[in-house]
>>> print(open('run-v2.pdb').read())   # PDB, C-alpha atoms
ATOM      1  CA  MET A   1     -15.348  27.843 132.966  1.00  0.00           C
ATOM      2  CA  ILE A   2     -11.554  27.463 133.185  1.00  0.00           C
ATOM      3  CA  ARG A   3     -11.510  23.919 131.836  1.00  0.00           C
ATOM      4  CA  SER A   4     -13.944  24.766 129.023  1.00  0.00           C
ATOM      5  CA  LEU A   5     -11.960  27.774 127.830  1.00  0.00           C
ATOM      6  CA  GLU A   6      -8.700  25.869 128.105  1.00  0.00           C
ATOM      7  CA  GLU A   7     -10.155  23.140 125.895  1.00  0.00           C
ATOM      8  CA  LEU A   8     -11.184  25.752 123.338  1.00  0.00           C
ATOM      9  CA  SER A   9      -7.662  27.144 123.424  1.00  0.00           C
ATOM     10  CA  LEU A  10      -6.174  23.690 122.825  1.00  0.00           C
ATOM     11  CA  ASN A  11      -8.421  23.178 119.803  1.00  0.00           C
ATOM     12  CA  ALA A  12      -7.591  26.622 118.398  1.00  0.00           C
ATOM     13  CA  LEU A  13      -3.903  25.718 118.102  1.00  0.00           C
ATOM     14  CA  PRO A  14      -3.731  21.975 117.472  1.00  0.00           C
ATOM     15  CA  ALA A  15      -0.392  20.421 118.330  1.00  0.00           C
ATOM     16  CA  LEU A  16       1.333  18.063 115.937  1.00  0.00           C
ATOM     17  CA  GLN A  17       1.242  15.331 118.576  1.00  0.00           C
ATOM     18  CA  THR A  18      -0.873  14.941 121.709  1.00  0.00           C
ATOM     19  CA  SER A  19      -0.519  12.393 124.498  1.00  0.00           C
ATOM     20  CA  PHE A  20      -2.805  11.901 127.523  1.00  0.00           C
ATOM     21  CA  TYR A  21      -1.416  10.773 130.862  1.00  0.00           C
ATOM     22  CA  ASP A  22      -3.626  10.471 133.956  1.00  0.00           C
ATOM     23  CA  GLY A  23      -5.525  13.700 133.328  1.00  0.00           C
ATOM     24  CA  TRP A  24      -2.577  15.602 131.880  1.00  0.00           C
ATOM     25  CA  VAL A  25      -2.384  16.586 128.214  1.00  0.00           C
ATOM     26  CA  LEU A  26       1.121  16.518 126.740  1.00  0.00           C
ATOM     27  CA  ARG A  27       1.454  18.526 123.531  1.00  0.00           C
ATOM     28  CA  PHE A  28       4.325  18.572 121.053  1.00  0.00           C
ATOM     29  CA  ALA A  29       4.849  20.821 118.017  1.00  0.00           C
ATOM     30  CA  SER A  30       8.559  20.848 117.181  1.00  0.00           C
ATOM     31  CA  GLY A  31       9.206  23.611 119.706  1.00  0.00           C
ATOM     32  CA  TYR A  32       6.895  26.241 118.169  1.00  0.00           C
ATOM     33  CA  SER A  33       5.134  28.157 120.982  1.00  0.00           C
ATOM     34  CA  ARG A  34       4.917  27.250 124.645  1.00  0.00           C
ATOM     35  CA  ARG A  35       1.198  26.603 124.344  1.00  0.00           C
ATOM     36  CA  ALA A  36       1.675  23.821 121.792  1.00  0.00           C
ATOM     37  CA  ASN A  37       4.718  22.334 123.534  1.00  0.00           C
ATOM     38  CA  SER A  38       3.638  22.045 127.140  1.00  0.00           C
ATOM     39  CA  VAL A  39       1.795  19.934 129.672  1.00  0.00           C
ATOM     40  CA  GLN A  40      -1.771  21.013 130.420  1.00  0.00           C
ATOM     41  CA  ALA A  41      -2.878  19.681 133.821  1.00  0.00           C
ATOM     42  CA  LEU A  42      -6.599  19.863 133.098  1.00  0.00           C
ATOM     43  CA  TYR A  43      -8.311  16.802 134.521  1.00  0.00           C
ATOM     44  CA  ASP A  44      -8.499  14.688 137.665  1.00  0.00           C
ATOM     45  CA  SER A  45      -5.100  13.303 138.567  1.00  0.00           C
ATOM     46  CA  ARG A  46      -4.627  10.197 140.703  1.00  0.00           C
ATOM     47  CA  LEU A  47      -1.008   9.131 140.285  1.00  0.00           C
ATOM     48  CA  ASP A  48       1.916  10.517 142.285  1.00  0.00           C
ATOM     49  CA  PRO A  49       2.674  13.967 140.780  1.00  0.00           C
ATOM     50  CA  GLU A  50       6.428  13.578 141.299  1.00  0.00           C
ATOM     51  CA  GLU A  51       6.456  10.420 139.191  1.00  0.00           C
ATOM     52  CA  LYS A  52       4.326  12.142 136.584  1.00  0.00           C
ATOM     53  CA  ILE A  53       6.702  15.093 136.380  1.00  0.00           C
ATOM     54  CA  ASP A  54       9.570  12.635 135.823  1.00  0.00           C
ATOM     55  CA  TYR A  55       7.554  11.011 133.028  1.00  0.00           C
ATOM     56  CA  CYS A  56       6.925  14.377 131.352  1.00  0.00           C
ATOM     57  CA  GLN A  57      10.577  15.385 131.594  1.00  0.00           C
ATOM     58  CA  ALA A  58      11.569  12.162 129.873  1.00  0.00           C
ATOM     59  CA  ALA A  59       8.936  12.617 127.143  1.00  0.00           C
ATOM     60  CA  TYR A  60      10.024  16.157 126.292  1.00  0.00           C
ATOM     61  CA  GLY A  61      13.708  15.346 126.722  1.00  0.00           C
ATOM     62  CA  GLU A  62      13.447  12.585 124.116  1.00  0.00           C
ATOM     63  CA  ARG A  63      12.309  15.249 121.646  1.00  0.00           C
ATOM     64  CA  GLY A  64      15.012  17.721 122.574  1.00  0.00           C
ATOM     65  CA  LEU A  65      12.520  20.057 124.236  1.00  0.00           C
ATOM     66  CA  ARG A  66      12.466  21.693 127.638  1.00  0.00           C
ATOM     67  CA  THR A  67       9.648  20.583 129.896  1.00  0.00           C
ATOM     68  CA  ILE A  68       7.010  23.299 130.237  1.00  0.00           C
ATOM     69  CA  PHE A  69       3.765  23.189 132.212  1.00  0.00           C
ATOM     70  CA  LYS A  70       0.840  25.506 131.510  1.00  0.00           C
ATOM     71  CA  LEU A  71      -0.988  26.135 134.780  1.00  0.00           C
ATOM     72  CA  THR A  72      -4.189  27.740 135.992  1.00  0.00           C
ATOM     73  CA  GLY A  73      -5.847  27.999 139.377  1.00  0.00           C
ATOM     74  CA  ALA A  74      -7.749  24.831 138.463  1.00  0.00           C
ATOM     75  CA  ALA A  75      -4.690  22.693 137.631  1.00  0.00           C
ATOM     76  CA  GLU A  76      -4.804  19.087 138.850  1.00  0.00           C
ATOM     77  CA  PRO A  77      -3.495  18.278 141.390  1.00  0.00           C
ATOM     78  CA  ALA A  78      -3.741  21.548 143.325  1.00  0.00           C
ATOM     79  CA  GLU A  79      -0.197  21.201 144.685  1.00  0.00           C
ATOM     80  CA  LEU A  80       1.382  20.895 141.215  1.00  0.00           C
ATOM     81  CA  ASP A  81       2.578  24.501 141.006  1.00  0.00           C
ATOM     82  CA  ALA A  82       4.351  24.221 144.371  1.00  0.00           C
ATOM     83  CA  ALA A  83       5.881  20.888 143.388  1.00  0.00           C
ATOM     84  CA  LEU A  84       7.302  22.387 140.191  1.00  0.00           C
ATOM     85  CA  GLU A  85       8.653  25.392 142.076  1.00  0.00           C
ATOM     86  CA  ARG A  86      10.496  23.076 144.473  1.00  0.00           C
ATOM     87  CA  ARG A  87      12.120  21.436 141.479  1.00  0.00           C
ATOM     88  CA  GLY A  88      13.385  24.777 140.217  1.00  0.00           C
ATOM     89  CA  TYR A  89      10.798  25.377 137.519  1.00  0.00           C
ATOM     90  CA  THR A  90      10.536  29.124 136.930  1.00  0.00           C
ATOM     91  CA  ALA A  91       7.203  30.933 136.521  1.00  0.00           C
ATOM     92  CA  GLU A  92       6.837  33.003 133.345  1.00  0.00           C
ATOM     93  CA  GLY A  93       4.395  34.182 130.720  1.00  0.00           C
ATOM     94  CA  HIS A  94       1.645  35.301 133.092  1.00  0.00           C
ATOM     95  CA  THR A  95      -1.452  35.796 130.952  1.00  0.00           C
ATOM     96  CA  SER A  96      -4.995  37.073 131.445  1.00  0.00           C
ATOM     97  CA  VAL A  97      -7.832  35.141 129.814  1.00  0.00           C
ATOM     98  CA  GLN A  98     -10.661  37.565 129.163  1.00  0.00           C
ATOM     99  CA  THR A  99     -14.242  37.207 127.947  1.00  0.00           C
ATOM    100  CA  ARG A 100     -17.184  39.327 126.920  1.00  0.00           C
ATOM    101  CA  ALA A 101     -20.788  38.654 125.856  1.00  0.00           C
ATOM    102  CA  LEU A 102     -21.830  39.212 122.240  1.00  0.00           C
ATOM    103  CA  ALA A 103     -25.597  38.705 122.451  1.00  0.00           C
ATOM    104  CA  GLY A 104     -27.485  41.817 121.431  1.00  0.00           C
ATOM    105  CA  GLU A 105     -24.293  43.701 120.529  1.00  0.00           C
ATOM    106  CA  THR A 106     -23.848  45.616 117.291  1.00  0.00           C
ATOM    107  CA  PHE A 107     -20.278  46.272 116.270  1.00  0.00           C
ATOM    108  CA  GLU A 108     -19.668  49.399 114.243  1.00  0.00           C
ATOM    109  CA  ILE A 109     -17.405  48.536 111.348  1.00  0.00           C
ATOM    110  CA  GLU A 110     -15.388  51.253 109.657  1.00  0.00           C
ATOM    111  CA  ARG A 111     -15.061  50.989 105.928  1.00  0.00           C
ATOM    112  CA  ALA A 112     -11.961  48.995 105.152  1.00  0.00           C
ATOM    113  CA  LYS A 113     -10.955  46.226 102.814  1.00  0.00           C
ATOM    114  CA  ILE A 114     -11.094  43.026 104.834  1.00  0.00           C
ATOM    115  CA  GLU A 115     -10.131  39.652 103.427  1.00  0.00           C
ATOM    116  CA  VAL A 116     -11.296  36.517 105.254  1.00  0.00           C
ATOM    117  CA  GLU A 117     -10.269  32.966 104.426  1.00  0.00           C
ATOM    118  CA  PRO A 118     -11.408  29.713 106.074  1.00  0.00           C
ATOM    119  CA  ARG A 119      -7.870  28.318 105.834  1.00  0.00           C
ATOM    120  CA  PRO A 120      -4.438  29.946 106.107  1.00  0.00           C
ATOM    121  CA  GLY A 121      -3.556  30.872 102.538  1.00  0.00           C
ATOM    122  CA  GLU A 122      -0.040  31.587 101.385  1.00  0.00           C
ATOM    123  CA  GLY A 123      -0.663  35.344 101.520  1.00  0.00           C
ATOM    124  CA  TRP A 124      -1.832  35.188 105.144  1.00  0.00           C
ATOM    125  CA  LEU A 125       1.183  33.105 106.128  1.00  0.00           C
ATOM    126  CA  MET A 126       3.592  35.439 104.345  1.00  0.00           C
ATOM    127  CA  ASP A 127       2.057  38.434 106.116  1.00  0.00           C
ATOM    128  CA  TYR A 128       2.221  36.598 109.436  1.00  0.00           C
ATOM    129  CA  ASP A 129       5.915  35.987 108.808  1.00  0.00           C
ATOM    130  CA  ARG A 130       6.415  39.670 107.955  1.00  0.00           C
ATOM    131  CA  LEU A 131       4.393  41.248 110.774  1.00  0.00           C
ATOM    132  CA  SER A 132       5.029  38.891 113.673  1.00  0.00           C
ATOM    133  CA  SER A 133       8.212  38.159 115.573  1.00  0.00           C
ATOM    134  CA  VAL A 134       8.005  34.428 114.835  1.00  0.00           C
ATOM    135  CA  ASP A 135      11.160  32.753 113.548  1.00  0.00           C
ATOM    136  CA  SER A 136      10.643  31.930 109.866  1.00  0.00           C
ATOM    137  CA  ARG A 137      11.981  28.438 110.492  1.00  0.00           C
ATOM    138  CA  HIS A 138       8.710  27.656 112.285  1.00  0.00           C
ATOM    139  CA  LEU A 139       6.502  28.557 109.313  1.00  0.00           C
ATOM    140  CA  PRO A 140       6.152  24.968 108.015  1.00  0.00           C
ATOM    141  CA  THR A 141       5.049  23.887 111.504  1.00  0.00           C
ATOM    142  CA  ILE A 142       2.628  26.826 111.798  1.00  0.00           C
ATOM    143  CA  ARG A 143       1.150  26.041 108.382  1.00  0.00           C
ATOM    144  CA  LEU A 144       0.569  22.416 109.332  1.00  0.00           C
ATOM    145  CA  MET A 145      -0.920  23.243 112.731  1.00  0.00           C
ATOM    146  CA  LEU A 146      -3.320  25.855 111.406  1.00  0.00           C
ATOM    147  CA  SER A 147      -4.310  23.687 108.451  1.00  0.00           C
ATOM    148  CA  ASN A 148      -5.403  21.026 110.949  1.00  0.00           C
ATOM    149  CA  LEU A 149      -7.889  23.314 112.687  1.00  0.00           C
ATOM    150  CA  GLU A 150     -11.198  21.495 113.170  1.00  0.00           C
ATOM    151  CA  PRO A 151     -13.433  24.349 114.487  1.00  0.00           C
ATOM    152  CA  THR A 152     -14.756  27.058 112.163  1.00  0.00           C
ATOM    153  CA  ALA A 153     -11.928  29.514 111.542  1.00  0.00           C
ATOM    154  CA  GLY A 154     -11.486  32.871 109.861  1.00  0.00           C
ATOM    155  CA  PHE A 155      -8.076  34.170 108.792  1.00  0.00           C
ATOM    156  CA  PHE A 156      -8.385  37.961 108.526  1.00  0.00           C
ATOM    157  CA  ARG A 157      -6.336  40.623 106.770  1.00  0.00           C
ATOM    158  CA  LEU A 158      -7.064  44.367 106.704  1.00  0.00           C
ATOM    159  CA  ILE A 159      -5.703  45.854 103.480  1.00  0.00           C
ATOM    160  CA  LEU A 160      -4.514  49.461 103.124  1.00  0.00           C
ATOM    161  CA  GLN A 161      -3.060  50.715  99.861  1.00  0.00           C
ATOM    162  CA  GLY A 162      -2.626  47.173  98.624  1.00  0.00           C
ATOM    163  CA  GLU A 163      -0.725  45.928 101.665  1.00  0.00           C
ATOM    164  CA  THR A 164      -1.797  44.093 104.805  1.00  0.00           C
ATOM    165  CA  ALA A 165      -1.820  46.581 107.686  1.00  0.00           C
ATOM    166  CA  ALA A 166      -3.433  44.349 110.330  1.00  0.00           C
ATOM    167  CA  MET A 167      -4.357  40.713 110.645  1.00  0.00           C
ATOM    168  CA  GLY A 168      -5.889  38.205 113.008  1.00  0.00           C
ATOM    169  CA  LEU A 169      -7.480  34.809 113.501  1.00  0.00           C
ATOM    170  CA  GLY A 170     -10.948  33.999 114.774  1.00  0.00           C
ATOM    171  CA  VAL A 171     -11.965  30.490 115.893  1.00  0.00           C
ATOM    172  CA  VAL A 172     -15.605  29.612 116.659  1.00  0.00           C
ATOM    173  CA  GLU A 173     -16.533  26.647 118.830  1.00  0.00           C
ATOM    174  CA  ARG A 174     -19.262  25.891 121.410  1.00  0.00           C
ATOM    175  CA  GLY A 175     -20.786  29.360 121.188  1.00  0.00           C
ATOM    176  CA  TYR A 176     -17.486  31.210 121.649  1.00  0.00           C
ATOM    177  CA  VAL A 177     -15.273  33.061 119.221  1.00  0.00           C
ATOM    178  CA  GLY A 178     -11.617  33.110 120.213  1.00  0.00           C
ATOM    179  CA  LEU A 179      -9.369  35.952 119.052  1.00  0.00           C
ATOM    180  CA  TYR A 180      -5.800  35.043 118.198  1.00  0.00           C
ATOM    181  CA  ASP A 181      -2.741  36.605 116.562  1.00  0.00           C
ATOM    182  CA  ILE A 182      -4.085  40.162 116.394  1.00  0.00           C
ATOM    183  CA  ILE A 183      -1.176  42.014 114.780  1.00  0.00           C
ATOM    184  CA  THR A 184      -0.836  45.532 113.400  1.00  0.00           C
ATOM    185  CA  ASP A 185       1.996  46.617 111.144  1.00  0.00           C
ATOM    186  CA  ALA A 186       4.371  48.692 113.278  1.00  0.00           C
ATOM    187  CA  ARG A 187       4.286  51.439 110.655  1.00  0.00           C
ATOM    188  CA  GLN A 188       0.489  51.684 110.896  1.00  0.00           C
ATOM    189  CA  ARG A 189      -0.022  51.692 114.652  1.00  0.00           C
ATOM    190  CA  GLY A 190      -2.009  54.408 116.390  1.00  0.00           C
ATOM    191  CA  GLN A 191      -4.738  54.491 113.738  1.00  0.00           C
ATOM    192  CA  GLY A 192      -7.196  52.130 115.403  1.00  0.00           C
ATOM    193  CA  LEU A 193      -6.569  49.310 112.937  1.00  0.00           C
ATOM    194  CA  GLY A 194      -6.308  46.715 115.696  1.00  0.00           C
ATOM    195  CA  THR A 195      -9.693  47.829 117.021  1.00  0.00           C
ATOM    196  CA  GLN A 196     -11.171  47.542 113.535  1.00  0.00           C
ATOM    197  CA  MET A 197      -9.748  44.055 113.152  1.00  0.00           C
ATOM    198  CA  ILE A 198     -11.188  42.913 116.478  1.00  0.00           C
ATOM    199  CA  ARG A 199     -14.639  44.309 115.669  1.00  0.00           C
ATOM    200  CA  HIS A 200     -14.648  42.520 112.335  1.00  0.00           C
ATOM    201  CA  ILE A 201     -13.741  39.229 114.002  1.00  0.00           C
ATOM    202  CA  LEU A 202     -16.401  39.688 116.685  1.00  0.00           C
ATOM    203  CA  ARG A 203     -19.076  40.409 114.099  1.00  0.00           C
ATOM    204  CA  TRP A 204     -17.919  37.426 112.031  1.00  0.00           C
ATOM    205  CA  GLY A 205     -18.128  35.329 115.198  1.00  0.00           C
ATOM    206  CA  GLN A 206     -21.719  36.448 115.769  1.00  0.00           C
ATOM    207  CA  MET A 207     -22.590  35.504 112.195  1.00  0.00           C
ATOM    208  CA  ASN A 208     -21.173  32.046 112.869  1.00  0.00           C
ATOM    209  CA  GLY A 209     -23.176  31.460 116.035  1.00  0.00           C
ATOM    210  CA  ALA A 210     -20.889  32.837 118.763  1.00  0.00           C
ATOM    211  CA  ARG A 211     -22.649  34.277 121.804  1.00  0.00           C
ATOM    212  CA  SER A 212     -19.444  35.154 123.700  1.00  0.00           C
ATOM    213  CA  ALA A 213     -15.829  35.969 122.904  1.00  0.00           C
ATOM    214  CA  TYR A 214     -12.547  35.201 124.619  1.00  0.00           C
ATOM    215  CA  LEU A 215      -8.921  36.135 124.189  1.00  0.00           C
ATOM    216  CA  GLN A 216      -5.572  35.804 125.915  1.00  0.00           C
ATOM    217  CA  VAL A 217      -3.333  38.774 126.679  1.00  0.00           C
ATOM    218  CA  MET A 218      -0.042  38.807 128.533  1.00  0.00           C
ATOM    219  CA  LEU A 219       0.042  40.904 131.693  1.00  0.00           C
ATOM    220  CA  ASN A 220       3.223  42.664 130.557  1.00  0.00           C
ATOM    221  CA  ASN A 221       1.382  44.241 127.604  1.00  0.00           C
ATOM    222  CA  PRO A 222      -0.389  47.328 129.043  1.00  0.00           C
ATOM    223  CA  PRO A 223      -1.450  48.787 125.638  1.00  0.00           C
ATOM    224  CA  ALA A 224      -3.264  45.572 124.723  1.00  0.00           C
ATOM    225  CA  LEU A 225      -4.834  45.347 128.183  1.00  0.00           C
ATOM    226  CA  ARG A 226      -6.179  48.892 127.819  1.00  0.00           C
ATOM    227  CA  LEU A 227      -7.506  48.156 124.324  1.00  0.00           C
ATOM    228  CA  TYR A 228      -9.372  45.035 125.385  1.00  0.00           C
ATOM    229  CA  ASP A 229     -10.777  46.771 128.447  1.00  0.00           C
ATOM    230  CA  LYS A 230     -12.105  49.516 126.174  1.00  0.00           C
ATOM    231  CA  LEU A 231     -13.728  46.844 123.989  1.00  0.00           C
ATOM    232  CA  GLY A 232     -15.564  45.371 126.952  1.00  0.00           C
ATOM    233  CA  PHE A 233     -13.417  42.356 127.813  1.00  0.00           C
ATOM    234  CA  ARG A 234     -13.053  41.372 131.467  1.00  0.00           C
ATOM    235  CA  GLU A 235     -10.702  38.883 133.079  1.00  0.00           C
ATOM    236  CA  ALA A 236     -12.070  35.392 133.726  1.00  0.00           C
ATOM    237  CA  TYR A 237      -8.835  33.863 135.082  1.00  0.00           C
ATOM    238  CA  GLN A 238      -5.075  33.799 134.571  1.00  0.00           C
ATOM    239  CA  TYR A 239      -2.616  31.189 133.442  1.00  0.00           C
ATOM    240  CA  TRP A 240       1.156  30.997 133.569  1.00  0.00           C
ATOM    241  CA  TYR A 241       3.944  28.651 132.592  1.00  0.00           C
ATOM    242  CA  ARG A 242       6.488  26.775 134.655  1.00  0.00           C
ATOM    243  CA  GLN A 243       9.607  25.974 132.671  1.00  0.00           C
ATOM    244  CA  GLY A 244      12.289  23.553 133.765  1.00  0.00           C
ATOM    245  CA  GLY A 245      15.966  24.282 133.502  1.00  0.00           C
ATOM    246  CA  GLU A 246      16.956  20.886 132.198  1.00  0.00           C
TER     247      GLU A 246
END
>>> encode(input="run-v2.pdb", output="structure tokens")
Amino acid sequence: MIRSLEELSLNALPALQTSFYDGWVLRFASGYSRRANSVQALYDSRLDPEEKIDYCQAAYGERGLRTIFKLTGAAEPAELDAALERRGYTAEGHTSVQTRALAGETFEIERAKIEVEPRPGEGWLMDYDRLSSVDSRHLPTIRLMLSNLEPTAGFFRLILQGETAAMGLGVVERGYVGLYDIITDARQRGQGLGTQMIRHILRWGQMNGARSAYLQVMLNNPPALRLYDKLGFREAYQYWYRQGGE
């Protein structure tokens, strides 16, 4: 399951450049997000890991980026995490990957104006800039990455009094719908708008053939963990990053 969900996650945020090296996937996206600018050790690895780490450091260094590895309990080789720790790579960004079944479920949808687009329109991107904490300098990169999405995607906005109060992204592939970038306007929190957004995305996922759902939530976000638990999500595994100090 870990490898399959990690592949779905890679496809849901396509990097600008991708390189494969002995089972490792090196992703580059001009520094926007750790997920799109890190090494994913997904597949069987046969070469000496120390030499491979050197190779990765050179590849990211050439682009002016720090070397970051995204790791799970299924990373190849198994000793990679320990090898990175010995080199001084710090662990950060511990995240829970959670899933839930959708078959036979009916999601109650409260009456709200929901806009859904198959591609990230200018309005969605402007709202993402306004509601998220992303540096505006990354918006051209984000636009390009999201425009290159191959799986079926839905870019959602919940409109209240003519303004976007919550938003999110759903990506359907291989019978799963992935939930990404669920954001509620800080001025509108506490009204259940995030829950409404998630239910809309789950129902949309069902309509597009999804039988299960997955999401990623950082362990240092207790409110989100409680929300997803209430919505029936359960942890499948965790991932974390190792970032070099070079």
>>> resolve_selection(input="run-v2.pdb", expression="the PyMOL selection byres ((chain A and resi 243) around 9)", output="ChimeraX atom specification")
/A:66-70,84,88-92,241-242,244-246
>>> residues_near_point(input="run-v2.pdb", point="(2.6, 19.4, 110.7)", cutoff="10 Å", atoms="all atoms listed in the file", output="list of chain:residue names")
A:Pro14, A:Ala15, A:Leu16, A:Gln17, A:Ala29, A:Ser30, A:Pro140, A:Thr141, A:Ile142, A:Arg143, A:Leu144, A:Met145, A:Leu146, A:Ser147, A:Asn148
>>> closest_residue(input="run-v2.pdb", among="A:Ala59, A:Ala36, A:Val97, A:Leu158", to="A:Arg234", atoms="all atoms listed in the file")
A:Val97
>>> residues_around(input="run-v2.pdb", residues="stretch 125-131 of chain A", least_positions_apart="3", cutoff="7 Å", atoms="all atoms listed in the file", output="JSON list (two decimals) with C-alpha atoms, in the frame of the given file")
[["chain", "number", "residue", "atom", "x", "y", "z"],
["A", 120, "PRO", "CA", -4.44, 29.95, 106.11],
["A", 121, "GLY", "CA", -3.56, 30.87, 102.54],
["A", 122, "GLU", "CA", -0.04, 31.59, 101.38],
["A", 134, "VAL", "CA", 8.01, 34.43, 114.84],
["A", 136, "SER", "CA", 10.64, 31.93, 109.87],
["A", 164, "THR", "CA", -1.80, 44.09, 104.80],
["A", 183, "ILE", "CA", -1.18, 42.01, 114.78],
["A", 185, "ASP", "CA", 2.00, 46.62, 111.14]]
>>> residues_around(input="run-v2.pdb", residues="A:Ser4", least_positions_apart="4", cutoff="12 Å", atoms="all atoms listed in the file", output="ChimeraX atom specification")
/A:8-11,42-43,74,173-176,214,236
>>> axis_aligned_box(input="run-v2.pdb", around="stretch 197-200 of chain A", padding_each_side="5 Å", output="AutoDock Vina command-line options")
--center_x -12.2 --center_y 43.4 --center_z 114.4 --size_x 14.9 --size_y 11.8 --size_z 14.1
>>> closest_residue(input="run-v2.pdb", among="A:Gly232, A:Pro49, A:Pro77, A:Gly154", to="A:Gly170", atoms="all atoms listed in the file")
A:Gly154
>>> closest_residue(input="run-v2.pdb", among="A:Gly31, A:Gly93, A:Pro151, A:Gly162", to="A:Leu219", atoms="only C-alpha atoms")
A:Gly93
>>> closest_residue(input="run-v2.pdb", among="A:Tyr239, A:Gly192, A:Glu110, A:Arg203", to="A:Arg35", atoms="only C-alpha atoms")
A:Tyr239
>>> resolve_selection(input="run-v2.pdb", expression="the PyMOL selection byres ((chain A and resi 184) around 7)", output="VMD selection string")
chain A and resid 165 to 167 182 to 183 185 to 186 188 to 189 193 to 194
